[in-house]
file run-v6.txt (compact mmCIF, C-alpha atoms)
# COMPACT_ATOMS: atom_id res chain seq x y z
CA VAL O 554 7.79 13.97 -26.58
CA SER O 555 8.44 14.80 -30.20
CA ALA O 556 6.87 17.80 -31.92
CA SER O 557 4.87 15.46 -34.17
CA GLN O 558 3.52 13.63 -31.09
CA ILE O 559 2.17 16.93 -29.75
CA GLU O 560 0.32 17.53 -33.01
CA LYS O 561 -1.13 13.99 -32.88
CA TYR O 562 -2.32 14.62 -29.31
CA TYR O 563 -4.16 17.81 -30.26
CA LEU O 564 -5.59 16.13 -33.35
CA CYS O 565 -7.15 13.50 -31.09
CA ARG O 566 -6.10 12.40 -27.58
CA PHE O 567 -7.34 8.84 -28.08
CA GLN O 568 -5.45 8.52 -31.36
CA TYR O 569 -2.32 9.67 -29.50
CA PHE O 570 -2.95 7.12 -26.73
CA CYS O 571 -3.37 4.23 -29.19
CA ARG O 572 -0.25 5.13 -31.16
CA TYR O 573 2.16 6.25 -28.44
CA GLY O 574 0.59 4.89 -25.25
CA LEU O 575 -0.28 1.39 -26.44
CA GLY O 576 2.21 1.31 -29.31
CA ALA O 577 -0.50 -0.06 -31.63
CA LYS O 578 0.47 0.23 -35.29
CA GLU O 579 -1.43 -0.79 -38.39
CA ARG O 580 0.21 -3.38 -40.62
CA LYS O 581 1.62 -2.00 -43.83
CA PRO O 582 2.69 -3.89 -46.95
CA ALA O 583 6.34 -3.62 -48.00
CA VAL O 584 5.80 -1.36 -51.00
CA PHE O 585 7.26 1.87 -52.31
CA ASP O 586 4.60 4.16 -50.79
CA ALA O 587 4.33 7.85 -49.87
CA LEU O 588 6.33 7.31 -46.67
CA GLU O 589 9.23 5.70 -48.55
CA TYR O 590 9.00 8.42 -51.21
CA GLY O 591 9.41 11.05 -48.50
CA SER O 592 12.42 9.28 -47.00
CA VAL O 593 14.18 8.98 -50.37
CA MET O 594 13.43 12.60 -51.33
CA HIS O 595 14.74 13.88 -47.97
CA TYR O 596 17.88 11.80 -48.48
CA LEU O 597 18.47 13.24 -51.96
CA LEU O 598 17.84 16.87 -50.97
CA GLU O 599 20.02 16.61 -47.88
CA ASN O 600 22.99 15.01 -49.61
CA MET O 601 22.86 17.19 -52.74
CA LEU O 602 22.69 20.40 -50.69
CA ARG O 603 25.56 19.17 -48.52
CA ALA O 604 27.69 18.53 -51.59
CA PHE O 605 26.81 21.54 -53.76
CA SER O 606 26.19 25.24 -53.14
CA GLY O 607 23.14 27.01 -54.49
CA GLU O 608 25.25 28.58 -57.24
CA ALA O 609 26.63 25.18 -58.28
CA LEU O 610 23.17 23.60 -58.44
CA ALA O 611 21.73 26.53 -60.39
CA SER O 612 24.52 26.31 -62.99
CA MET O 613 24.32 22.52 -63.49
CA LYS O 614 22.89 21.20 -66.73
CA LYS O 615 19.91 18.86 -66.43
CA GLN O 616 21.81 15.68 -67.36
CA GLU O 617 24.69 16.54 -65.04
CA LEU O 618 22.27 17.03 -62.14
CA LEU O 619 20.42 13.81 -62.98
CA ALA O 620 23.68 11.86 -62.99
CA GLU O 621 24.49 13.01 -59.43
CA ILE O 622 20.96 12.17 -58.27
CA ARG O 623 21.08 8.69 -59.82
CA ARG O 624 24.40 8.02 -58.14
CA LEU O 625 22.84 8.83 -54.76
CA LEU O 626 19.76 6.76 -55.59
CA ASP O 627 21.92 3.73 -56.34
CA SER O 628 23.57 4.11 -52.94
CA TYR O 629 20.20 4.45 -51.18
CA VAL O 630 18.69 1.39 -52.89
CA GLU O 631 21.73 -0.75 -52.13
CA THR O 632 21.86 0.35 -48.47
CA ASN O 633 18.16 0.56 -47.56
CA LEU O 634 16.10 -1.37 -50.11
CA GLY O 635 18.09 -4.54 -50.70
CA GLY O 636 19.70 -3.56 -54.00
CA TRP O 637 18.32 -3.46 -57.54
CA GLU O 638 18.18 -7.23 -58.05
CA GLU O 639 14.68 -8.66 -58.47
CA LYS O 640 13.13 -5.18 -58.39
CA SER O 641 10.01 -4.94 -60.53
CA PRO O 642 9.71 -2.74 -63.64
CA ARG O 643 7.17 -0.62 -61.72
CA PHE O 644 9.66 -0.06 -58.89
CA ARG O 645 12.32 1.02 -61.38
CA TYR O 646 9.85 3.34 -63.10
CA LEU O 647 8.87 4.99 -59.78
CA LEU O 648 12.53 5.57 -58.89
CA ALA O 649 13.24 7.04 -62.34
CA ARG O 650 10.27 9.39 -61.97
CA LEU O 651 11.45 10.36 -58.50
CA ALA O 652 14.88 11.19 -59.93
CA ASP O 653 13.26 13.50 -62.50
CA THR O 654 11.24 15.22 -59.76
CA ALA O 655 14.34 15.63 -57.60
CA GLN O 656 16.21 17.19 -60.54
CA MET O 657 13.46 19.77 -61.02
CA LEU O 658 13.26 20.56 -57.28
CA LEU O 659 17.03 20.86 -56.86
CA SER O 660 17.29 23.15 -59.87
CA HIS O 661 14.64 25.39 -58.29
CA LEU O 662 16.29 25.22 -54.85
CA GLY O 663 19.60 26.09 -56.45
CA LYS O 664 18.13 29.25 -57.97
CA GLU O 665 16.59 30.21 -54.62
CA LEU O 666 19.77 29.68 -52.59
CA ALA O 667 22.01 31.32 -55.21
CA GLN O 668 20.25 34.66 -54.73
CA SER O 669 19.75 34.32 -50.94
CA ASP O 670 21.99 35.59 -48.13
CA PHE O 671 20.91 32.60 -46.03
CA VAL O 672 23.32 29.66 -46.16
CA PRO O 673 22.52 26.09 -45.04
CA ALA O 674 24.38 25.43 -41.78
CA ASP O 675 22.89 22.13 -40.60
CA PHE O 676 20.98 19.21 -42.09
CA GLU O 677 18.87 16.66 -40.19
CA LEU O 678 19.72 18.45 -36.92
CA SER O 679 18.86 16.21 -33.95
CA ILE O 680 17.20 17.82 -30.93
CA GLY O 681 17.30 15.94 -27.63
CA LYS O 682 19.24 15.24 -24.45
CA GLY O 683 22.91 14.78 -25.35
CA LYS O 684 22.24 15.34 -29.06
CA GLU O 685 23.36 18.11 -31.41
CA LEU O 686 20.93 20.62 -29.91
CA GLU O 687 19.49 20.51 -26.39
CA PRO O 688 15.69 20.19 -26.32
CA LEU O 689 13.15 22.74 -25.17
CA VAL O 690 12.44 21.82 -21.52
CA LEU O 691 9.34 23.12 -19.74
CA GLU O 692 8.33 22.85 -16.09
CA ILE O 693 5.06 21.05 -15.27
CA PRO O 694 2.90 22.44 -12.44
CA GLY O 695 3.07 20.06 -9.51
CA GLY O 696 6.56 18.84 -10.40
CA GLY O 697 8.38 17.28 -13.32
CA GLN O 698 9.38 18.46 -16.76
CA ILE O 699 8.45 17.87 -20.38
CA SER O 700 11.05 18.13 -23.13
CA VAL O 701 10.31 18.56 -26.84
CA GLU O 702 12.62 16.61 -29.14
CA GLY O 703 12.80 16.07 -32.88
CA LYS O 704 14.83 16.59 -36.02
CA ILE O 705 15.06 19.69 -38.23
CA ASP O 706 15.43 19.09 -41.96
CA ARG O 707 17.58 22.18 -42.47
CA VAL O 708 18.86 25.21 -40.55
CA ASP O 709 19.96 28.27 -42.53
CA VAL O 710 22.01 31.19 -41.20
CA MET O 711 22.46 34.78 -42.40
CA GLU O 712 25.07 37.11 -40.92
CA LYS O 713 24.55 40.88 -41.11
CA PRO O 714 26.07 43.86 -39.23
CA SER O 715 22.76 44.05 -37.34
CA GLY O 716 23.09 40.46 -36.11
CA LYS O 717 22.94 36.78 -37.01
CA TYR O 718 19.59 35.45 -38.21
CA ILE O 719 18.43 31.88 -38.33
CA ARG O 720 15.58 30.15 -40.15
CA VAL O 721 14.37 26.56 -40.03
CA VAL O 722 13.36 24.79 -43.23
CA ASP O 723 11.17 21.72 -43.69
CA TYR O 724 10.67 19.65 -46.85
CA LYS O 725 7.02 18.78 -47.45
CA THR O 726 6.28 15.92 -49.85
CA GLY O 727 2.54 16.31 -49.16
CA SER O 728 0.22 19.26 -49.78
CA LYS O 729 0.09 20.59 -46.22
CA ASP O 730 0.25 24.39 -45.92
CA PHE O 731 1.13 26.41 -42.85
CA LYS O 732 -1.91 28.10 -41.31
CA LEU O 733 -1.13 30.38 -38.38
CA SER O 734 -4.56 29.80 -36.82
CA ASP O 735 -3.67 26.11 -36.31
CA VAL O 736 -1.28 27.15 -33.53
CA LEU O 737 -4.20 28.21 -31.33
CA TYR O 738 -5.44 24.61 -31.39
CA GLY O 739 -2.08 22.89 -30.85
CA LEU O 740 -1.74 21.89 -34.50
CA ASN O 741 1.02 22.59 -37.02
CA MET O 742 3.36 23.79 -34.25
CA GLN O 743 6.36 21.63 -35.16
CA MET O 744 8.40 24.22 -37.04
CA LEU O 745 7.66 27.06 -34.63
CA LEU O 746 8.68 24.83 -31.72
CA TYR O 747 11.93 24.05 -33.53
CA LEU O 748 12.55 27.77 -34.14
CA ASP O 749 11.85 28.44 -30.46
CA THR O 750 14.36 25.73 -29.51
CA VAL O 751 17.11 27.06 -31.78
CA TRP O 752 16.41 30.62 -30.59
CA LYS O 753 16.73 29.60 -26.92
CA ASN O 754 19.28 26.77 -27.02
CA GLY O 755 21.37 27.40 -30.14
CA LYS O 756 23.93 29.82 -28.70
CA SER O 757 26.64 27.20 -28.22
CA ARG O 758 26.22 26.05 -31.83
CA TYR O 759 25.43 29.26 -33.73
CA GLY O 760 26.24 32.11 -31.33
CA SER O 761 23.62 34.71 -30.44
CA VAL O 762 20.87 34.49 -33.06
CA LEU O 763 17.58 36.15 -33.93
CA PRO O 764 14.66 34.15 -35.37
CA ALA O 765 14.14 34.89 -39.08
CA GLY O 766 11.22 32.52 -39.58
CA ILE O 767 10.07 29.11 -40.71
CA LEU O 768 9.68 27.91 -44.30
CA TYR O 769 8.06 24.83 -45.80
CA VAL O 770 9.65 23.76 -49.09
CA PRO O 771 7.39 21.83 -51.50
CA ALA O 772 9.19 18.57 -52.25
CA ALA O 773 6.85 16.96 -54.75
CA ARG O 774 6.22 17.47 -58.46
CA PRO O 775 3.64 20.28 -58.82
CA SER O 776 0.60 19.78 -61.03
CA VAL O 777 0.37 22.60 -63.58
CA SER O 778 -2.67 23.33 -65.74
CA ALA O 779 -1.86 24.21 -69.35
CA GLN O 780 -3.54 24.94 -72.64
CA TRP O 781 -2.48 23.77 -76.07
CA GLY O 782 0.24 26.03 -77.38
CA ASP O 783 1.43 27.39 -73.99
CA SER O 784 5.13 28.17 -74.11
CA GLY O 785 7.69 26.37 -72.00
CA GLU O 786 8.53 29.67 -70.31
CA LYS O 787 4.90 30.14 -69.22
CA LEU O 788 4.69 26.59 -67.87
CA GLU O 789 7.94 27.05 -65.93
CA LYS O 790 6.58 30.27 -64.41
CA GLU O 791 3.41 28.47 -63.31
CA ARG O 792 5.46 25.62 -61.90
CA ASP O 793 7.65 28.05 -59.91
CA LYS O 794 4.51 29.56 -58.38
CA LYS O 795 3.53 26.12 -57.09
CA LEU O 796 7.05 25.65 -55.70
CA ARG O 797 6.99 28.89 -53.71
CA MET O 798 7.69 28.24 -50.02
CA ASN O 799 5.09 28.98 -47.36
CA GLY O 800 5.48 29.71 -43.67
CA LEU O 801 6.11 32.68 -41.39
CA VAL O 802 8.87 35.29 -41.81
CA LEU O 803 10.20 37.98 -39.46
CA ASP O 804 8.67 41.37 -40.30
CA ASP O 805 12.00 43.00 -41.12
CA PRO O 806 12.92 44.28 -44.63
CA GLU O 807 16.56 43.25 -44.10
CA VAL O 808 15.50 39.67 -43.38
CA ILE O 809 12.99 39.58 -46.24
CA THR O 810 15.51 40.87 -48.81
CA GLY O 811 18.08 38.50 -47.29
CA MET O 812 15.80 35.64 -48.27
CA GLU O 813 14.84 37.09 -51.64
CA LYS O 814 16.90 39.89 -53.18
CA GLN O 815 14.09 41.38 -55.27
CA ALA O 816 11.46 40.77 -52.56
CA GLN O 817 8.74 40.05 -55.14
CA GLY O 818 7.39 36.90 -53.50
CA VAL O 819 8.86 34.54 -56.10
CA PHE O 820 10.54 32.18 -53.62
CA ILE O 821 9.08 33.18 -50.24
CA PRO O 822 5.47 33.99 -49.23
CA VAL O 823 6.27 37.68 -48.66
CA ALA O 824 6.77 40.62 -51.02
CA LEU O 825 7.81 44.17 -50.16
CA LYS O 826 5.89 47.24 -51.26
CA ASN O 827 6.93 50.79 -50.33
CA GLY O 828 9.49 49.42 -47.88
CA GLY O 829 7.11 47.10 -46.01
CA PRO O 830 5.33 43.76 -46.55
CA ALA O 831 2.62 44.01 -49.21
CA LYS O 832 0.51 41.62 -47.09
CA LEU O 833 0.85 40.74 -43.42
CA ASP O 834 -0.47 37.16 -43.72
CA SER O 835 2.97 35.52 -43.49
CA VAL O 836 4.95 37.94 -41.30
CA ALA O 837 5.35 38.51 -37.55
CA ASN O 838 7.55 40.84 -35.52
CA LEU O 839 9.71 39.72 -32.59
CA ALA O 840 7.05 40.56 -30.00
CA GLN O 841 4.47 38.53 -31.90
CA LEU O 842 6.86 35.60 -32.28
CA GLY O 843 7.47 35.79 -28.53
CA ALA O 844 3.72 35.68 -27.84
CA LEU O 845 3.33 32.70 -30.20
CA THR O 846 6.09 30.78 -28.41
CA LYS O 847 4.44 31.43 -25.02
CA LYS O 848 1.14 30.09 -26.39
CA MET O 849 2.82 26.96 -27.77
CA GLU O 850 4.73 26.33 -24.55
CA LYS O 851 1.46 26.57 -22.60
CA LEU O 852 -0.17 24.04 -24.95
CA VAL O 853 2.74 21.61 -24.45
CA VAL O 854 2.48 21.93 -20.65
CA ASP O 855 -1.34 21.55 -20.81
CA MET O 856 -0.82 18.33 -22.77
CA ALA O 857 1.55 16.99 -20.10
CA CYS O 858 -0.92 17.83 -17.32
CA SER O 859 -3.79 16.19 -19.19
CA LEU O 860 -1.82 13.01 -19.86
CA ARG O 861 -0.72 12.86 -16.21
CA GLN O 862 -4.41 12.83 -15.26
CA GLY O 863 -5.10 10.01 -17.71
CA ASP O 864 -7.33 12.08 -19.98
CA VAL O 865 -7.29 10.29 -23.34
CA ASP O 866 -10.95 10.63 -24.32
CA ALA O 867 -11.81 10.62 -28.01
CA GLU O 868 -12.49 14.26 -28.87
CA PRO O 869 -11.21 14.55 -32.45
CA ALA O 870 -10.50 17.81 -34.24
CA ALA O 871 -13.26 18.80 -36.65
CA GLY O 872 -14.00 21.72 -38.94
CA GLU O 873 -10.79 22.72 -40.70
CA TYR O 874 -9.43 19.27 -39.78
CA ASP O 875 -11.04 15.84 -39.81
CA ALA O 876 -9.05 13.74 -37.36
CA CYS O 877 -11.21 10.67 -38.08
CA ALA O 878 -10.76 10.70 -41.87
CA TYR O 879 -7.65 8.51 -42.07
CA CYS O 880 -7.45 7.31 -38.47
CA PRO O 881 -6.63 3.56 -38.26
CA TYR O 882 -8.08 3.29 -34.73
CA GLY O 883 -11.76 3.76 -35.67
CA PRO O 884 -12.62 0.09 -34.96
CA VAL O 885 -11.45 0.41 -31.32
CA CYS O 886 -12.58 4.00 -30.79
CA GLY O 887 -16.26 3.84 -31.70
CA HIS O 888 -16.53 7.61 -32.10
CA GLU O 889 -19.73 8.53 -33.94
CA PRO O 890 -19.85 11.40 -36.48
CA GLU O 891 -22.27 13.27 -34.21
CA GLY O 892 -20.15 12.59 -31.11
CA ARG O 893 -18.14 15.13 -29.13
CA SER O 894 -15.43 16.88 -31.15
CA ARG O 895 -13.19 19.94 -30.97
CA LEU O 896 -13.98 22.58 -33.59
CA VAL O 897 -10.93 23.99 -35.39
CA GLU O 898 -11.68 27.29 -37.13
CA LYS O 899 -9.62 29.14 -39.69
CA LEU O 900 -8.86 32.61 -38.34
CA ASP O 901 -7.02 35.40 -40.09
CA ARG O 902 -3.59 36.55 -39.02
CA ASN O 903 -4.87 39.58 -37.05
CA GLN O 904 -7.31 37.45 -35.04
CA VAL O 905 -4.56 34.97 -34.16
CA MET O 906 -2.06 37.64 -33.14
CA ALA O 907 -4.65 39.47 -31.05
CA ALA O 908 -5.58 36.23 -29.24
CA VAL O 909 -2.01 35.15 -28.42
CA GLN O 910 -0.90 38.64 -27.40
CA GLU O 911 -3.92 39.06 -25.12
CA GLU O 912 -3.17 35.70 -23.50
CA ALA O 913 0.51 36.61 -23.09
CA GLN O 914 -0.46 39.93 -21.49
CA GLU O 915 -2.85 38.22 -19.07
CA LYS O 916 -0.14 35.74 -18.09
CA GLU O 917 2.35 38.57 -17.50
CA GLU O 918 -0.15 40.48 -15.36
CA ALA O 919 -0.92 37.35 -13.32
CA TYR O 920 2.82 36.79 -12.78
CA GLU O 921 3.33 40.39 -11.62
CA GLN O 922 0.38 40.06 -9.23
CA THR O 923 1.88 36.87 -7.80
CA LYS O 924 5.15 38.71 -7.11
CA LEU O 925 3.25 41.51 -5.37
CA ASP O 926 1.28 39.02 -3.26
call {"tool": "encode", "arguments": {"input": "run-v6.txt", "output": "structure tokens"}}
result
Amino acid sequence: VSASQIEKYYLCRFQYFCRYGLGAKERKPAVFDALEYGSVMHYLLENMLRAFSGEALASMKKQELLAEIRRLLDSYVETNLGGWEEKSPRFRYLLARLADTAQMLLSHLGKELAQSDFVPADFELSIGKGKELEPLVLEIPGGGQISVEGKIDRVDVMEKPSGKYIRVVDYKTGSKDFKLSDVLYGLNMQMLLYLDTVWKNGKSRYGSVLPAGILYVPAARPSVSAQWGDSGEKLEKERDKKLRMNGLVLDDPEVITGMEKQAQGVFIPVALKNGGPAKLDSVANLAQLGALTKKMEKLVVDMACSLRQGDVDAEPAAGEYDACAYCPYGPVCGHEPEGRSRLVEKLDRNQVMAAVQEEAQEKEEAYEQTKLD
């Protein structure tokens, strides 16, 4: 399975069954929509960061950066969208606007990478049997295995005397934020599963590594509120706030300052105060990361066991999520608003960590008892 398939399963088992069991897909018109926007933006960010260092991007003038982006856009349109001939004025306008957005994002990314000790090591890294990185493989009770495959947008590495650290980066063209409490419900686990995979299976590619965290990079033009007379400097500051990455970072001052020299929370969701994180919302130590990975691995195995038993009942996520809101399978599902659902609550970081560590401890105690028996 892919990491995104796991999230779809825990969003709603019946939705998973329709999409991946039956292979039923809704018909979509051939237009330049959000999905195509995401593909083009990923293409631009990947190829620009392959070609230029953070320092080079940060020092580029706007028109110089735009010229490089337009060159890549021409190549993408010719290769994937049938060329520019007979393209409508609206299509050309949307691509021009996308180029402007990409220029702004790459300028910001350049500034972030120029001051960071983390260096991009891989782009679009494929995870799977016989691919660039071996997948996470888990044993299923009763026999068999389940492997988690996928593709990581970017892998960054930092080398220090204390060790080599690795972080996984994902470009988000939507507005989705990382909420740690989602992990308890099997949602939003993709990046943590990727980090777990690199941590466990990345030795042949990166050497011995320690997990530094996961970061979601906003990859869409932020909407900034302004008043008449606001200076350009003020607007840029507000825009940079909206472009700040979110995610989970290792609770280690060396790692935090490796990501952001001044550690003021300008680029990453963590700031240091008196030598430690000012807030604990977006940090976890190694033991806590270990407990989180055990929880996720259990959820993946539980999914495999449930599917093996043929359990694909409609029990959509509700509360913090509304699995039915944009589901295309409503006409064949028949789930009523008052029907059975699975409540997803938003818990704070301490509640989540306490829950996963307690579960990890119980599992360890059960294992020790089995050995004694």
call {"tool": "residues_near_point", "arguments": {"input": "run-v6.txt", "point": "(-4.1, 11.7, -22.8)", "cutoff": "7 Å", "atoms": "all atoms listed in the file", "output": "PDB file with C-alpha atoms, in the frame of the given file"}}
result
ATOM      1  CA  ARG O 566      -6.100  12.400 -27.580  1.00  0.00           C
ATOM      2  CA  PHE O 567      -7.340   8.840 -28.080  1.00  0.00           C
ATOM      3  CA  PHE O 570      -2.950   7.120 -26.730  1.00  0.00           C
ATOM      4  CA  SER O 859      -3.790  16.190 -19.190  1.00  0.00           C
ATOM      5  CA  LEU O 860      -1.820  13.010 -19.860  1.00  0.00           C
ATOM      6  CA  GLY O 863      -5.100  10.010 -17.710  1.00  0.00           C
ATOM      7  CA  ASP O 864      -7.330  12.080 -19.980  1.00  0.00           C
ATOM      8  CA  VAL O 865      -7.290  10.290 -23.340  1.00  0.00           C
TER       9      VAL O 865
END
call {"tool": "residues_around", "arguments": {"input": "run-v6.txt", "residues": "O:Asn838", "least_positions_apart": "2", "cutoff": "7 Å", "atoms": "only C-alpha atoms", "output": "list in words"}}
result
Leu803, Asp804, Val836, Ala840, Gln841 and Leu842 of chain O
call {"tool": "closest_residue", "arguments": {"input": "run-v6.txt", "among": "O:Pro688, O:Met711, O:Leu648, O:Ser734", "to": "O:Lys753", "atoms": "all atoms listed in the file"}}
result
O:Pro688
call {"tool": "atom_distance", "arguments": {"input": "run-v6.txt", "atom1": "atom CA of O:Asp653", "atom2": "atom CA of O:Leu618"}}
result
9.7 Å
call {"tool": "residues_around", "arguments": {"input": "run-v6.txt", "residues": "O:Leu602", "least_positions_apart": "6", "cutoff": "9 Å", "atoms": "all atoms listed in the file", "output": "list in words"}}
result
Leu610, Leu659, Gly663, Pro673 and Phe676 of chain O
call {"tool": "closest_atom_pairs", "arguments": {"input": "run-v6.txt", "of": "stretch 675-740 of chain O", "to": "stretch 813-829 of chain O", "cutoff": "12 Å", "atoms": "only C-alpha atoms", "output": "JSON lines"}}
result
{"residue": "O:Val722", "atom": "CA", "partner": "O:Ile821", "partner_atom": "CA", "distance": 11.7}
{"residue": "O:Asp730", "atom": "CA", "partner": "O:Pro822", "partner_atom": "CA", "distance": 11.4}
{"residue": "O:Phe731", "atom": "CA", "partner": "O:Pro822", "partner_atom": "CA", "distance": 10.8}
call {"tool": "residues_around", "arguments": {"input": "run-v6.txt", "residues": "stretch 690-701 of chain O", "least_positions_apart": "4", "cutoff": "8 Å", "atoms": "all atoms listed in the file", "output": "MDAnalysis selection string"}}
result
chainID O and resid 554:556 681 850 853:854 857:858
call {"tool": "residues_around", "arguments": {"input": "run-v6.txt", "residues": "O:Ser628", "least_positions_apart": "6", "cutoff": "12 Å", "atoms": "only C-alpha atoms", "output": "list in words"}}
result
Val593, Tyr596, Leu597, Asn600, Glu621, Ile622, Leu634, Gly635, Gly636 and Trp637 of chain O
call {"tool": "closest_residue", "arguments": {"input": "run-v6.txt", "among": "O:Tyr738, O:Tyr874, O:Tyr629, O:Phe644", "to": "O:Val905", "atoms": "all atoms listed in the file"}}
result
O:Tyr738
call {"tool": "closest_residue", "arguments": {"input": "run-v6.txt", "among": "O:Lys578, O:Arg797, O:Lys704, O:Arg643", "to": "O:Thr750", "atoms": "all atoms listed in the file"}}
result
O:Lys704
call {"tool": "residues_around", "arguments": {"input": "run-v6.txt", "residues": "O:Leu796", "least_positions_apart": "2", "cutoff": "9 Å", "atoms": "only C-alpha atoms", "output": "ChimeraX atom specification"}}
result
/O:658,661,770-775,791-794,798,820
call {"tool": "closest_residue", "arguments": {"input": "run-v6.txt", "among": "O:Leu662, O:Ala674, O:Leu801, O:Leu626", "to": "O:Tyr759", "atoms": "all atoms listed in the file"}}
result
O:Ala674
call {"tool": "atom_distance", "arguments": {"input": "run-v6.txt", "atom1": "atom CA of O:Gly607", "atom2": "atom CA of O:Ser669"}}
result
8.8 Å
call {"tool": "closest_residue", "arguments": {"input": "run-v6.txt", "among": "O:Leu651, O:Met613, O:Ala867, O:Ala667", "to": "O:Tyr590", "atoms": "all atoms listed in the file"}}
result
O:Leu651
call {"tool": "build_atoms", "arguments": {"input": "run-v6.txt", "residues": "stretch 912-926 of chain O", "atoms": "N, CA, C and O atoms", "output": "PDB file, keeping the file's coordinate frame"}}
result
ATOM      1  N   GLU O 912      -3.458  36.764 -24.460  1.00  0.00           N
ATOM      2  CA  GLU O 912      -3.170  35.700 -23.500  1.00  0.00           C
ATOM      3  C   GLU O 912      -1.811  35.912 -22.841  1.00  0.00           C
ATOM      4  O   GLU O 912      -1.653  35.703 -21.633  1.00  0.00           O
ATOM      5  N   ALA O 913      -0.818  36.344 -23.645  1.00  0.00           N
ATOM      6  CA  ALA O 913       0.510  36.610 -23.090  1.00  0.00           C
ATOM      7  C   ALA O 913       0.467  37.757 -22.089  1.00  0.00           C
ATOM      8  O   ALA O 913       1.129  37.718 -21.040  1.00  0.00           O
ATOM      9  N   GLN O 914      -0.332  38.789 -22.386  1.00  0.00           N
ATOM     10  CA  GLN O 914      -0.460  39.930 -21.490  1.00  0.00           C
ATOM     11  C   GLN O 914      -1.120  39.516 -20.169  1.00  0.00           C
ATOM     12  O   GLN O 914      -0.691  39.913 -19.086  1.00  0.00           O
ATOM     13  N   GLU O 915      -2.163  38.688 -20.267  1.00  0.00           N
ATOM     14  CA  GLU O 915      -2.850  38.220 -19.070  1.00  0.00           C
ATOM     15  C   GLU O 915      -1.905  37.387 -18.186  1.00  0.00           C
ATOM     16  O   GLU O 915      -1.924  37.502 -16.958  1.00  0.00           O
ATOM     17  N   LYS O 916      -1.091  36.566 -18.828  1.00  0.00           N
ATOM     18  CA  LYS O 916      -0.140  35.740 -18.090  1.00  0.00           C
ATOM     19  C   LYS O 916       0.896  36.612 -17.385  1.00  0.00           C
ATOM     20  O   LYS O 916       1.270  36.358 -16.240  1.00  0.00           O
ATOM     21  N   GLU O 917       1.370  37.649 -18.081  1.00  0.00           N
ATOM     22  CA  GLU O 917       2.350  38.570 -17.500  1.00  0.00           C
ATOM     23  C   GLU O 917       1.758  39.305 -16.309  1.00  0.00           C
ATOM     24  O   GLU O 917       2.409  39.466 -15.270  1.00  0.00           O
ATOM     25  N   GLU O 918       0.511  39.760 -16.448  1.00  0.00           N
ATOM     26  CA  GLU O 918      -0.150  40.480 -15.360  1.00  0.00           C
ATOM     27  C   GLU O 918      -0.357  39.569 -14.153  1.00  0.00           C
ATOM     28  O   GLU O 918      -0.192  39.990 -12.996  1.00  0.00           O
ATOM     29  N   ALA O 919      -0.726  38.307 -14.411  1.00  0.00           N
ATOM     30  CA  ALA O 919      -0.920  37.350 -13.320  1.00  0.00           C
ATOM     31  C   ALA O 919       0.402  37.085 -12.599  1.00  0.00           C
ATOM     32  O   ALA O 919       0.444  36.968 -11.371  1.00  0.00           O
ATOM     33  N   TYR O 920       1.492  37.021 -13.366  1.00  0.00           N
ATOM     34  CA  TYR O 920       2.820  36.790 -12.780  1.00  0.00           C
ATOM     35  C   TYR O 920       3.230  37.972 -11.901  1.00  0.00           C
ATOM     36  O   TYR O 920       3.746  37.791 -10.788  1.00  0.00           O
ATOM     37  N   GLU O 921       2.995  39.187 -12.392  1.00  0.00           N
ATOM     38  CA  GLU O 921       3.330  40.390 -11.620  1.00  0.00           C
ATOM     39  C   GLU O 921       2.509  40.444 -10.332  1.00  0.00           C
ATOM     40  O   GLU O 921       3.018  40.830  -9.280  1.00  0.00           O
ATOM     41  N   GLN O 922       1.236  40.056 -10.423  1.00  0.00           N
ATOM     42  CA  GLN O 922       0.380  40.060  -9.230  1.00  0.00           C
ATOM     43  C   GLN O 922       0.871  39.053  -8.208  1.00  0.00           C
ATOM     44  O   GLN O 922       0.853  39.296  -6.996  1.00  0.00           O
ATOM     45  N   THR O 923       1.342  37.894  -8.703  1.00  0.00           N
ATOM     46  CA  THR O 923       1.880  36.870  -7.800  1.00  0.00           C
ATOM     47  C   THR O 923       3.108  37.392  -7.056  1.00  0.00           C
ATOM     48  O   THR O 923       3.263  37.151  -5.854  1.00  0.00           O
ATOM     49  N   LYS O 924       3.969  38.136  -7.742  1.00  0.00           N
ATOM     50  CA  LYS O 924       5.150  38.710  -7.110  1.00  0.00           C
ATOM     51  C   LYS O 924       4.743  39.721  -6.029  1.00  0.00           C
ATOM     52  O   LYS O 924       5.327  39.776  -4.952  1.00  0.00           O
ATOM     53  N   LEU O 925       3.720  40.523  -6.342  1.00  0.00           N
ATOM     54  CA  LEU O 925       3.250  41.510  -5.370  1.00  0.00           C
ATOM     55  C   LEU O 925       2.654  40.828  -4.131  1.00  0.00           C
ATOM     56  O   LEU O 925       2.894  41.241  -2.996  1.00  0.00           O
ATOM     57  N   ASP O 926       1.868  39.770  -4.386  1.00  0.00           N
ATOM     58  CA  ASP O 926       1.280  39.020  -3.260  1.00  0.00           C
ATOM     59  C   ASP O 926       2.362  38.394  -2.382  1.00  0.00           C
ATOM     60  O   ASP O 926       2.212  38.347  -1.166  1.00  0.00           O
TER      61      ASP O 926
END
